[in-house]
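*Asks:* What follows is coords.cif, made up of mmCIF, C-alpha atoms:
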data_target
#
loop_
_atom_site.group_PDB
_atom_site.id
_atom_site.type_symbol
_atom_site.label_atom_id
_atom_site.label_comp_id
_atom_site.auth_asym_id
_atom_site.auth_seq_id
_atom_site.Cartn_x
_atom_site.Cartn_y
_atom_site.Cartn_z
ATOM 1 C CA MET A 9 34.526 -96.376 -34.425
ATOM 2 C CA ASN A 10 36.217 -94.242 -36.985
ATOM 3 C CA GLY A 11 33.263 -94.777 -39.265
ATOM 4 C CA ASN A 12 30.943 -93.558 -36.526
ATOM 5 C CA THR A 13 33.215 -90.593 -35.936
ATOM 6 C CA PHE A 14 32.717 -89.437 -39.517
ATOM 7 C CA ARG A 15 29.053 -90.359 -39.830
ATOM 8 C CA MET A 16 27.908 -88.354 -36.787
ATOM 9 C CA PRO A 17 29.230 -84.988 -38.032
ATOM 10 C CA ALA A 18 27.791 -85.712 -41.454
ATOM 11 C CA ARG A 19 24.346 -86.283 -39.998
ATOM 12 C CA ARG A 20 24.646 -83.209 -37.861
ATOM 13 C CA LEU A 21 25.757 -81.210 -40.866
ATOM 14 C CA ALA A 22 22.686 -82.334 -42.790
ATOM 15 C CA THR A 23 20.376 -81.466 -39.908
ATOM 16 C CA VAL A 24 21.922 -78.038 -39.354
ATOM 17 C CA ALA A 25 21.913 -77.234 -43.065
ATOM 18 C CA ALA A 26 18.235 -78.147 -43.404
ATOM 19 C CA ALA A 27 17.257 -76.169 -40.330
ATOM 20 C CA THR A 28 19.208 -73.144 -41.553
ATOM 21 C CA ALA A 29 17.623 -73.259 -44.994
ATOM 22 C CA LEU A 30 14.100 -73.625 -43.626
ATOM 23 C CA ALA A 31 14.639 -70.900 -41.031
ATOM 24 C CA ALA A 32 16.068 -68.543 -43.625
ATOM 25 C CA GLY A 33 12.774 -68.544 -45.549
ATOM 26 C CA PRO A 34 10.575 -67.054 -42.783
ATOM 27 C CA ALA A 35 13.357 -64.661 -41.818
ATOM 28 C CA THR A 36 13.595 -63.351 -45.354
ATOM 29 C CA LEU A 37 9.814 -63.068 -45.557
ATOM 30 C CA ALA A 38 9.697 -61.065 -42.351
ATOM 31 C CA GLY A 39 12.433 -58.745 -43.545
ATOM 32 C CA ALA A 40 10.704 -58.063 -46.875
ATOM 33 C CA GLY A 41 7.172 -57.952 -45.490
ATOM 34 C CA SER A 42 4.694 -55.431 -46.886
ATOM 35 C CA ALA A 43 4.606 -51.979 -45.242
ATOM 36 C CA HIS A 44 1.200 -50.476 -44.400
ATOM 37 C CA ALA A 45 0.963 -46.703 -43.996
ATOM 38 C CA THR A 46 -1.112 -45.908 -40.925
ATOM 39 C CA GLY A 47 -3.985 -43.520 -41.496
ATOM 40 C CA ASP A 48 -3.702 -40.223 -39.582
ATOM 41 C CA HIS A 49 -6.617 -38.497 -37.903
ATOM 42 C CA GLY A 50 -8.014 -35.484 -39.696
ATOM 43 C CA ARG A 51 -8.721 -32.068 -38.223
ATOM 44 C CA ALA A 52 -11.895 -30.068 -37.730
ATOM 45 C CA SER A 53 -13.000 -26.820 -36.125
ATOM 46 C CA ALA A 54 -16.234 -24.950 -35.551
ATOM 47 C CA THR A 55 -16.950 -21.388 -34.436
ATOM 48 C CA VAL A 56 -20.316 -19.791 -33.760
ATOM 49 C CA LEU A 57 -19.020 -16.204 -33.633
ATOM 50 C CA ARG A 58 -15.726 -14.428 -34.192
ATOM 51 C CA THR A 59 -15.274 -10.660 -34.220
ATOM 52 C CA GLY A 60 -12.378 -8.489 -35.267
ATOM 53 C CA LEU A 61 -13.579 -4.941 -34.655
ATOM 54 C CA ASP A 62 -11.858 -1.637 -33.927
ATOM 55 C CA VAL A 63 -13.802 0.753 -31.721
ATOM 56 C CA SER A 64 -12.817 4.419 -31.916
ATOM 57 C CA LEU A 65 -13.616 6.674 -28.947
ATOM 58 C CA LEU A 66 -14.879 10.257 -29.173
ATOM 59 C CA ASP A 67 -12.677 11.764 -26.503
ATOM 60 C CA LYS A 68 -9.534 9.811 -27.290
ATOM 61 C CA THR A 69 -7.415 9.364 -30.368
ATOM 62 C CA VAL A 70 -7.136 5.628 -29.826
ATOM 63 C CA ASN A 71 -8.826 2.508 -31.091
ATOM 64 C CA VAL A 72 -10.032 -0.156 -28.687
ATOM 65 C CA PRO A 73 -10.010 -3.618 -30.277
ATOM 66 C CA LEU A 74 -13.008 -5.868 -29.823
ATOM 67 C CA ALA A 75 -11.827 -9.390 -30.624
ATOM 68 C CA VAL A 76 -14.095 -12.025 -29.086
ATOM 69 C CA THR A 77 -15.177 -15.534 -29.988
ATOM 70 C CA LEU A 78 -18.058 -17.745 -28.936
ATOM 71 C CA ASN A 79 -17.936 -21.531 -28.984
ATOM 72 C CA GLU A 80 -14.718 -21.918 -30.912
ATOM 73 C CA VAL A 81 -13.770 -25.597 -30.720
ATOM 74 C CA GLN A 82 -11.364 -27.981 -32.391
ATOM 75 C CA ALA A 83 -11.870 -31.717 -32.754
ATOM 76 C CA PRO A 84 -12.844 -33.644 -30.823
ATOM 77 C CA GLU A 85 -14.903 -31.140 -28.832
ATOM 78 C CA SER A 86 -18.316 -29.545 -28.633
ATOM 79 C CA ALA A 87 -19.653 -26.421 -26.955
ATOM 80 C CA GLU A 88 -22.898 -24.606 -26.469
ATOM 81 C CA LYS A 89 -23.304 -21.143 -25.015
ATOM 82 C CA THR A 90 -26.146 -18.809 -25.860
ATOM 83 C CA ALA A 91 -24.825 -15.444 -24.637
ATOM 84 C CA LEU A 92 -21.594 -13.495 -24.939
ATOM 85 C CA THR A 93 -20.761 -10.250 -23.149
ATOM 86 C CA ALA A 94 -17.679 -8.053 -23.313
ATOM 87 C CA ARG A 95 -16.125 -5.069 -21.580
ATOM 88 C CA LEU A 96 -14.225 -2.245 -23.246
ATOM 89 C CA ASP A 97 -12.354 0.467 -21.402
ATOM 90 C CA GLY A 98 -13.791 3.879 -22.179
ATOM 91 C CA VAL A 99 -17.064 2.493 -23.551
ATOM 92 C CA ASP A 100 -20.091 3.232 -21.339
ATOM 93 C CA GLY A 101 -17.872 3.503 -18.280
ATOM 94 C CA GLY A 102 -16.426 0.048 -18.823
ATOM 95 C CA LYS A 103 -19.741 -1.665 -18.191
ATOM 96 C CA PRO A 104 -20.295 -5.073 -19.849
ATOM 97 C CA PHE A 105 -22.430 -5.064 -22.950
ATOM 98 C CA SER A 106 -24.045 -7.886 -24.863
ATOM 99 C CA VAL A 107 -22.251 -8.883 -28.062
ATOM 100 C CA LEU A 108 -24.437 -11.859 -28.971
ATOM 101 C CA ARG A 109 -27.597 -13.421 -27.633
ATOM 102 C CA ALA A 110 -29.196 -16.517 -29.133
ATOM 103 C CA ASP A 111 -31.597 -19.299 -28.318
ATOM 104 C CA VAL A 112 -29.200 -21.847 -29.809
ATOM 105 C CA ALA A 113 -25.464 -21.396 -30.324
ATOM 106 C CA GLU A 114 -23.779 -24.745 -30.853
ATOM 107 C CA ALA A 115 -20.421 -25.802 -32.255
ATOM 108 C CA LYS A 116 -19.163 -29.365 -32.732
ATOM 109 C CA ALA A 117 -15.969 -30.802 -34.160
ATOM 110 C CA THR A 118 -15.057 -34.470 -34.524
ATOM 111 C CA ALA A 119 -12.080 -36.247 -36.064
ATOM 112 C CA THR A 120 -11.319 -39.933 -36.562
ATOM 113 C CA ALA A 121 -9.092 -41.934 -38.879
ATOM 114 C CA ALA A 122 -12.038 -42.200 -41.304
ATOM 115 C CA LYS A 123 -13.700 -38.769 -41.202
ATOM 116 C CA SER A 124 -13.383 -35.266 -39.749
ATOM 117 C CA GLU A 125 -16.306 -32.872 -39.501
ATOM 118 C CA GLY A 126 -17.135 -29.449 -38.112
ATOM 119 C CA THR A 127 -20.699 -28.195 -37.624
ATOM 120 C CA THR A 128 -22.270 -25.022 -36.225
ATOM 121 C CA THR A 129 -25.837 -23.966 -35.544
ATOM 122 C CA LEU A 130 -27.053 -20.509 -34.543
ATOM 123 C CA ALA A 131 -30.765 -19.820 -34.051
ATOM 124 C CA ARG A 132 -32.778 -16.723 -33.176
ATOM 125 C CA ALA A 133 -29.668 -14.636 -32.614
ATOM 126 C CA GLY A 134 -28.882 -10.927 -32.426
ATOM 127 C CA LEU A 135 -25.448 -9.294 -32.732
ATOM 128 C CA HIS A 136 -24.588 -5.959 -31.079
ATOM 129 C CA VAL A 137 -21.607 -3.620 -31.178
ATOM 130 C CA PRO A 138 -20.624 -0.846 -28.754
ATOM 131 C CA GLY A 139 -22.640 2.337 -29.125
ATOM 132 C CA LEU A 140 -25.774 0.566 -30.403
ATOM 133 C CA PRO A 141 -27.254 -0.986 -27.275
ATOM 134 C CA LEU A 142 -30.798 -1.191 -28.624
ATOM 135 C CA LEU A 143 -30.185 -1.744 -32.329
ATOM 136 C CA SER A 144 -28.805 -5.066 -33.555
ATOM 137 C CA VAL A 145 -26.234 -5.065 -36.300
ATOM 138 C CA ILE A 146 -27.879 -8.271 -37.537
ATOM 139 C CA GLU A 147 -30.645 -10.598 -36.424
ATOM 140 C CA VAL A 148 -31.032 -14.075 -37.923
ATOM 141 C CA GLN A 149 -33.607 -16.826 -37.566
ATOM 142 C CA GLU A 150 -31.208 -19.711 -38.149
ATOM 143 C CA VAL A 151 -27.824 -20.257 -39.785
ATOM 144 C CA THR A 152 -25.863 -23.485 -40.077
ATOM 145 C CA SER A 153 -22.568 -24.580 -41.550
ATOM 146 C CA THR A 154 -21.012 -27.993 -42.072
ATOM 147 C CA ALA A 155 -17.611 -29.083 -43.373
ATOM 148 C CA THR A 156 -17.091 -32.819 -43.911
ATOM 149 C CA CYS A 157 -13.826 -34.474 -44.943
ATOM 150 C CA GLU A 158 -13.765 -38.249 -45.441
ATOM 151 C CA ALA A 159 -10.619 -40.191 -46.210
ATOM 152 C CA GLY A 160 -10.398 -40.946 -49.908
ATOM 153 C CA ARG A 161 -13.352 -38.710 -50.838
ATOM 154 C CA LYS A 162 -13.787 -35.140 -51.996
ATOM 155 C CA PRO A 163 -14.431 -32.777 -49.054
ATOM 156 C CA VAL A 164 -17.871 -31.175 -48.821
ATOM 157 C CA ALA A 165 -18.756 -27.718 -47.460
ATOM 158 C CA ASP A 166 -22.290 -26.484 -46.906
ATOM 159 C CA ALA A 167 -23.748 -23.312 -45.340
ATOM 160 C CA ASN A 168 -27.404 -22.356 -45.015
ATOM 161 C CA LEU A 169 -29.474 -19.417 -43.819
ATOM 162 C CA LEU A 170 -33.109 -20.054 -42.945
ATOM 163 C CA GLY A 171 -35.768 -17.474 -42.227
ATOM 164 C CA PRO A 172 -35.698 -13.661 -42.314
ATOM 165 C CA VAL A 173 -32.653 -11.478 -41.743
ATOM 166 C CA THR A 174 -32.659 -7.982 -40.258
ATOM 167 C CA VAL A 175 -29.646 -5.674 -40.632
ATOM 168 C CA LEU A 176 -29.493 -2.382 -38.702
ATOM 169 C CA GLY A 177 -33.252 -2.583 -38.226
ATOM 170 C CA LYS A 178 -34.013 -3.247 -41.912
ATOM 171 C CA LYS A 179 -35.314 -6.553 -43.273
ATOM 172 C CA VAL A 180 -33.192 -7.648 -46.172
ATOM 173 C CA THR A 181 -33.161 -10.403 -48.748
ATOM 174 C CA LEU A 182 -29.778 -12.055 -49.138
ATOM 175 C CA THR A 183 -28.444 -13.689 -52.267
ATOM 176 C CA ALA A 184 -26.871 -17.105 -51.770
ATOM 177 C CA GLY A 185 -23.204 -16.970 -52.610
ATOM 178 C CA GLY A 186 -23.374 -13.224 -53.231
ATOM 179 C CA THR A 187 -22.791 -9.911 -51.474
ATOM 180 C CA THR A 188 -25.461 -7.636 -50.028
ATOM 181 C CA ASP A 189 -24.878 -4.028 -48.934
ATOM 182 C CA VAL A 190 -27.127 -2.415 -46.330
ATOM 183 C CA LYS A 191 -26.788 1.308 -45.582
ATOM 184 C CA VAL A 192 -28.654 3.231 -42.895
ATOM 185 C CA PRO A 193 -28.041 7.003 -42.889
ATOM 186 C CA GLY A 194 -26.762 8.277 -39.567
ATOM 187 C CA VAL A 195 -26.035 4.761 -38.344
ATOM 188 C CA GLY A 196 -23.660 3.022 -40.727
ATOM 189 C CA GLU A 197 -23.414 0.280 -43.285
ATOM 190 C CA VAL A 198 -22.929 -3.457 -43.346
ATOM 191 C CA ARG A 199 -21.757 -5.655 -46.214
ATOM 192 C CA LEU A 200 -22.811 -9.287 -45.965
ATOM 193 C CA ASP A 201 -21.393 -12.325 -47.714
ATOM 194 C CA LEU A 202 -23.770 -15.283 -47.496
ATOM 195 C CA SER A 203 -22.898 -18.969 -47.624
ATOM 196 C CA LYS A 204 -19.217 -18.820 -48.441
ATOM 197 C CA THR A 205 -17.728 -22.250 -49.103
ATOM 198 C CA GLU A 206 -14.280 -23.369 -50.153
ATOM 199 C CA THR A 207 -12.943 -26.851 -50.885
ATOM 200 C CA THR A 208 -9.622 -28.326 -51.960
ATOM 201 C CA SER A 209 -8.545 -31.922 -52.467
ATOM 202 C CA ARG A 210 -8.227 -32.397 -48.681
ATOM 203 C CA THR A 211 -9.877 -29.421 -46.941
ATOM 204 C CA ALA A 212 -13.245 -27.724 -46.701
ATOM 205 C CA ALA A 213 -14.527 -24.531 -45.087
ATOM 206 C CA ALA A 214 -18.070 -23.200 -44.782
ATOM 207 C CA THR A 215 -19.123 -19.798 -43.424
ATOM 208 C CA ALA A 216 -22.821 -19.037 -43.073
ATOM 209 C CA LEU A 217 -22.379 -15.258 -42.810
ATOM 210 C CA GLU A 218 -19.439 -12.892 -42.982
ATOM 211 C CA LEU A 219 -20.064 -9.233 -42.226
ATOM 212 C CA LYS A 220 -17.962 -6.176 -42.899
ATOM 213 C CA VAL A 221 -19.222 -3.615 -40.432
ATOM 214 C CA HIS A 222 -18.798 0.150 -40.458
ATOM 215 C CA VAL A 223 -21.048 2.075 -38.084
ATOM 216 C CA ASN A 224 -20.852 5.565 -36.537
ATOM 217 C CA PRO A 225 -23.323 5.453 -33.631
ATOM 218 C CA LEU A 226 -22.167 8.683 -31.895
ATOM 219 C CA ASP A 227 -23.392 7.235 -28.622
ATOM 220 C CA LEU A 228 -21.814 5.980 -25.374
ATOM 221 C CA ASN A 229 -18.565 7.786 -26.260
ATOM 222 C CA VAL A 230 -18.226 5.632 -29.399
ATOM 223 C CA ALA A 231 -17.406 7.446 -32.619
ATOM 224 C CA GLU A 232 -16.922 4.535 -34.996
ATOM 225 C CA VAL A 233 -16.888 0.758 -35.176
ATOM 226 C CA ASP A 234 -15.104 -0.891 -38.071
ATOM 227 C CA GLY A 235 -14.112 -4.487 -38.829
ATOM 228 C CA THR A 236 -15.397 -7.977 -39.581
ATOM 229 C CA VAL A 237 -17.756 -10.445 -37.954
ATOM 230 C CA THR A 238 -17.997 -14.135 -38.825
ATOM 231 C CA LEU A 239 -21.077 -16.184 -37.969
ATOM 232 C CA ALA A 240 -21.216 -19.994 -38.063
ATOM 233 C CA LYS A 241 -17.949 -21.190 -39.568
ATOM 234 C CA ALA A 242 -16.828 -24.817 -39.876
ATOM 235 C CA THR A 243 -13.616 -26.283 -41.288
ATOM 236 C CA CYS A 244 -12.120 -29.727 -41.775
ATOM 237 C CA GLU A 245 -9.071 -31.517 -43.139
ATOM 238 C CA SER A 246 -9.241 -35.087 -44.459
ATOM 239 C CA PRO A 247 -7.514 -37.897 -42.589
ATOM 240 C CA THR A 248 -4.568 -39.458 -44.376
ATOM 241 C CA ALA A 249 -5.927 -42.601 -45.994
ATOM 242 C CA PRO A 250 -3.801 -45.765 -45.523
ATOM 243 C CA ALA A 251 -1.776 -46.185 -48.690
ATOM 244 C CA ASP A 252 -2.698 -49.186 -50.807
ATOM 245 C CA GLU A 253 0.041 -51.742 -51.219
ATOM 246 C CA ALA A 254 -0.165 -51.373 -54.971
ATOM 247 C CA ASP A 255 0.673 -47.709 -54.615
ATOM 248 C CA GLN A 256 3.796 -48.342 -52.532
ATOM 249 C CA PRO A 257 7.128 -47.866 -54.345
ATOM 250 C CA PRO A 258 8.981 -51.152 -54.870
ATOM 251 C CA ALA A 259 11.666 -52.030 -52.349
ATOM 252 C CA GLU A 260 15.148 -51.558 -53.770
ATOM 253 C CA GLN A 261 16.529 -54.908 -54.888
ATOM 254 C CA PRO A 262 20.135 -55.915 -55.668
ATOM 255 C CA PRO A 263 21.028 -56.331 -59.363
ATOM 256 C CA ALA A 264 19.554 -59.512 -60.820
ATOM 257 C CA GLN A 265 21.902 -62.424 -61.477
ATOM 258 C CA GLN A 266 21.426 -65.391 -63.752
ATOM 259 C CA ASP A 267 21.705 -67.907 -60.878
ATOM 260 C CA ALA A 268 19.811 -65.879 -58.293
ATOM 261 C CA ASP A 269 18.721 -67.755 -55.180
ATOM 262 C CA PRO A 270 14.919 -68.211 -55.228
ATOM 263 C CA ALA A 271 14.812 -67.442 -51.494
ATOM 264 C CA ALA A 272 16.114 -63.940 -52.220
ATOM 265 C CA GLU A 273 12.979 -62.986 -54.162
ATOM 266 C CA PRO A 274 10.751 -60.364 -52.483
ATOM 267 C CA ALA A 275 7.785 -61.623 -50.511
ATOM 268 C CA ALA A 276 4.782 -62.368 -52.687
ATOM 269 C CA ASP A 277 2.660 -59.540 -51.252
ATOM 270 C CA VAL A 278 5.221 -56.869 -52.107
ATOM 271 C CA LYS A 279 4.325 -55.949 -55.674
ATOM 272 C CA ALA A 280 7.717 -54.768 -56.823
ATOM 273 C CA GLN A 281 8.220 -54.057 -60.470
ATOM 274 C CA GLY A 282 9.225 -57.130 -62.437
ATOM 275 C CA THR A 283 8.398 -59.499 -59.560
ATOM 276 C CA ARG A 284 5.797 -62.202 -59.830
ATOM 277 C CA THR A 285 2.851 -61.850 -57.530
ATOM 278 C CA GLU A 286 1.322 -64.670 -55.537
ATOM 279 C CA ALA A 287 -1.415 -64.928 -58.162
ATOM 280 C CA ASP A 288 1.232 -65.815 -60.751
ATOM 281 C CA LEU A 289 2.654 -68.519 -58.503
ATOM 282 C CA ALA A 290 -0.776 -69.987 -57.925
ATOM 283 C CA GLU A 291 -1.218 -70.561 -61.631
ATOM 284 C CA THR A 292 1.755 -72.962 -61.641
ATOM 285 C CA GLY A 293 0.707 -74.776 -58.473
ATOM 286 C CA GLY A 294 3.265 -73.030 -56.248
ATOM 287 C CA SER A 295 2.927 -70.653 -53.299
ATOM 288 C CA SER A 296 4.968 -68.077 -51.425
ATOM 289 C CA ALA A 297 6.630 -70.890 -49.398
ATOM 290 C CA THR A 298 7.851 -72.737 -52.505
ATOM 291 C CA PRO A 299 11.353 -71.123 -52.612
ATOM 292 C CA TYR A 300 12.021 -72.009 -48.986
ATOM 293 C CA VAL A 301 10.946 -75.657 -49.323
ATOM 294 C CA ALA A 302 13.133 -75.970 -52.402
ATOM 295 C CA ALA A 303 16.111 -74.438 -50.596
ATOM 296 C CA GLY A 304 15.672 -76.822 -47.655
ATOM 297 C CA ALA A 305 15.471 -79.826 -49.938
ATOM 298 C CA ALA A 306 18.600 -78.730 -51.797
ATOM 299 C CA ALA A 307 20.485 -78.368 -48.528
ATOM 300 C CA LEU A 308 19.454 -81.883 -47.460
ATOM 301 C CA VAL A 309 20.597 -83.381 -50.774
ATOM 302 C CA LEU A 310 23.983 -81.636 -50.622
ATOM 303 C CA ALA A 311 24.571 -82.577 -46.992
ATOM 304 C CA GLY A 312 23.569 -86.206 -47.615
ATOM 305 C CA GLY A 313 25.844 -86.422 -50.643
ATOM 306 C CA GLY A 314 28.783 -85.089 -48.658
ATOM 307 C CA ALA A 315 28.221 -87.615 -45.917
ATOM 308 C CA LEU A 316 28.082 -90.470 -48.452
ATOM 309 C CA VAL A 317 31.420 -89.439 -50.057
ATOM 310 C CA LEU A 318 33.128 -89.237 -46.677
ATOM 311 C CA ALA A 319 31.837 -92.641 -45.697
ATOM 312 C CA ARG A 320 33.048 -94.275 -48.937
ATOM 313 C CA ARG A 321 36.517 -92.750 -48.562
ATOM 314 C CA ARG A 322 36.711 -94.049 -45.011
ATOM 315 C CA ARG A 323 35.801 -97.590 -46.059
ATOM 316 C CA GLY A 324 38.253 -97.416 -48.907
#
Please re-express this file's structure in C-alpha cells.
*Replies:*
Amino acid sequence: MNGNTFRMPARRLATVAAATALAAGPATLAGAGSAHATGDHGRASATVLRTGLDVSLLDKTVNVPLAVTLNEVQAPESAEKTALTARLDGVDGGKPFSVLRADVAEAKATATAAKSEGTTTLARAGLHVPGLPLLSVIEVQEVTSTATCEAGRKPVADANLLGPVTVLGKKVTLTAGGTTDVKVPGVGEVRLDLSKTETTSRTAAATALELKVHVNPLDLNVAEVDGTVTLAKATCESPTAPADEADQPPAEQPPAQQDADPAAEPAADVKAQGTRTEADLAETGGSSATPYVAAGAAALVLAGGGALVLARRRRG
C-alpha cells in the first residue's frame, strides 16, 4: 500500500507537469502574437461653389458679407443642386438674388479603408454678385476637379476646364496653371487662377477655378464687391495603410541568458531583431511548435525520473 501511496502522486506529478509544459507553449504564443495595425478610413470633401465676398453699400459705411456655399459635402456623401440664391440686407430691398445657376452642379465624396476621393462637376454655369443682376461675373461650359488618395500610393489631384469662358461679358482664354486678369472699365476686374492642384505624401487638393473679384457696379445701392470665389474644389486624405509586420518595432525582450528556455523565444511571426524566423526553423526540420514539444518531453522525463527514485527508495 505504501508503494501505491508514493506511486500515485508521482504519476500525477508527471501528468500535471506535462500538461503545464504543453499549455505554456500556446499561452506564450498568444501573449507574443503579432500585432496588426488597423487601417483607418481616409477623408474627402467636395465643393461646387464657395464665396467669401464683402459687399459695400452706397448709403451706409458698412460691409455686408456674402459667404455662401453650394454642394459642400464630406465623405461619404453626395449632393446635387443647380441653383443658389441669397438675400442681403440693404441690397435691392432685401430681395433674393441668384448667385449661381447651372445645368449640372454635383459634388461627391467617398472614403474607405483603401481609398478616399472627392469629385466635383459644374456645367453650363453662371455666377452673379449683388449689383450686377444681368451681367455674370463668370460663365463656364464645364469644370471638373478630382482628388484621389489611395492607401500606400501617391495622392493625385486633377482639375479641368472645358469649353469657352466668359468673364464680365468678355470671352477670355485661360492658361492652365496660370493667372489671367480681366478688366472691364466702369465695371471691375477679376483675376482667375485655373487648375490649381496641390499634393503631399498623404493629401491632395484640386481647384478648377479660383477668382479674386473686385467690381464697382454702382447699382442696386451696391458700391463695391470684393473677395474670392472658388469653383469646383475637391480634397482628400489617404487612409492609414495597415503596417506591415516587418515594419513593426521588435517587442522588448529580457536580457539573453546562456541557458535560456526555448519556450521563452518570441513567436515565429514576430520578426524581432536577432530572432530566427519560421523560415529559419523550417530549414532544420523544426516549426514554431518545436520549443513547446521539447519542453513537454523534458517535463515528462524529469517527472518520470523522480517517480522512479522515490519507488526505489521505498523498496529499499
*Asks:* With only C-alpha atoms as the basis for distance, which of A:Gly196, A:Thr90, A:Leu170, A:Arg95 is at the shortest distance from Gly134 (chain A)?
*Replies:* A:Thr90
*Asks:* I'd like to know which of A:Ala155, A:Ala87, A:Leu66, A:Leu182 is closest to Glu114 (chain A), using all atoms listed in the file.
*Replies:* A:Ala87
*Asks:* For a quick check of understanding, using all atoms listed in the file, which of A:Val230, A:Val137, A:Val221, A:Cys244 has the smallest distance to Asp100 (chain A)?
*Replies:* A:Val230
*Asks:* Expressed in Å to a single decimal, how great is the separation between CA of Val145 (chain A) and CA of Arg132 (chain A)?
*Replies:* 13.7 Å
*Asks:* What does the distance from CA of Gly235 (chain A) to CA of Glu218 (chain A) come to in Å, to one decimal?
*Replies:*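 Computing the Euclidean distance for CA of Gly235 (chain A) and CA of Glu218 (chain A) yields 10.8 Å.
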*Asks:* Could you state the separation of CA of Leu78 (chain A) and CA of Gly60 (chain A) in Å, given to one decimal place?
*Replies:*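 Those two atoms sit 12.6 Å apart.
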*Asks:* Mind listing whatever residues come within 10 Å of the point (-13.3, -1.7, -25.0)? Use all atoms listed in the file, file coordinates, and give them as a ChimeraX atom specification.
*Replies:* /A:62-65,71-75,94-105,138,230
*Asks:* Please evaluate the PyMOL selection byres ((chain A and resi 131) around 7) against the structure above and give the resulting residues as a PDB file with C-alpha atoms, keeping the file's coordinate frame.
*Replies:*
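Written output follows (selection29.pdb):
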ATOM      1  CA  ALA A 110     -29.196 -16.517 -29.133  1.00  0.00           C
ATOM      2  CA  ASP A 111     -31.597 -19.299 -28.318  1.00  0.00           C
ATOM      3  CA  VAL A 112     -29.200 -21.847 -29.809  1.00  0.00           C
ATOM      4  CA  ALA A 113     -25.464 -21.396 -30.324  1.00  0.00           C
ATOM      5  CA  THR A 129     -25.837 -23.966 -35.544  1.00  0.00           C
ATOM      6  CA  LEU A 130     -27.053 -20.509 -34.543  1.00  0.00           C
ATOM      7  CA  ARG A 132     -32.778 -16.723 -33.176  1.00  0.00           C
ATOM      8  CA  ALA A 133     -29.668 -14.636 -32.614  1.00  0.00           C
ATOM      9  CA  VAL A 148     -31.032 -14.075 -37.923  1.00  0.00           C
ATOM     10  CA  GLN A 149     -33.607 -16.826 -37.566  1.00  0.00           C
ATOM     11  CA  GLU A 150     -31.208 -19.711 -38.149  1.00  0.00           C
ATOM     12  CA  VAL A 151     -27.824 -20.257 -39.785  1.00  0.00           C
TER      13      VAL A 151
END
*Asks:* Which residue out of A:Thr211, A:Asn168, A:Ser86, A:Thr77 has the minimum interatomic distance to Thr154 (chain A) when all atoms listed in the file are used?
*Replies:* A:Asn168
*Asks:* Up to 9 Å from (-8.3, -34.9, -49.1) in the file's coordinates: name the residues, counting all atoms listed in the file, as a ChimeraX atom specification.
*Replies:* /A:157-163,208-211,245-249
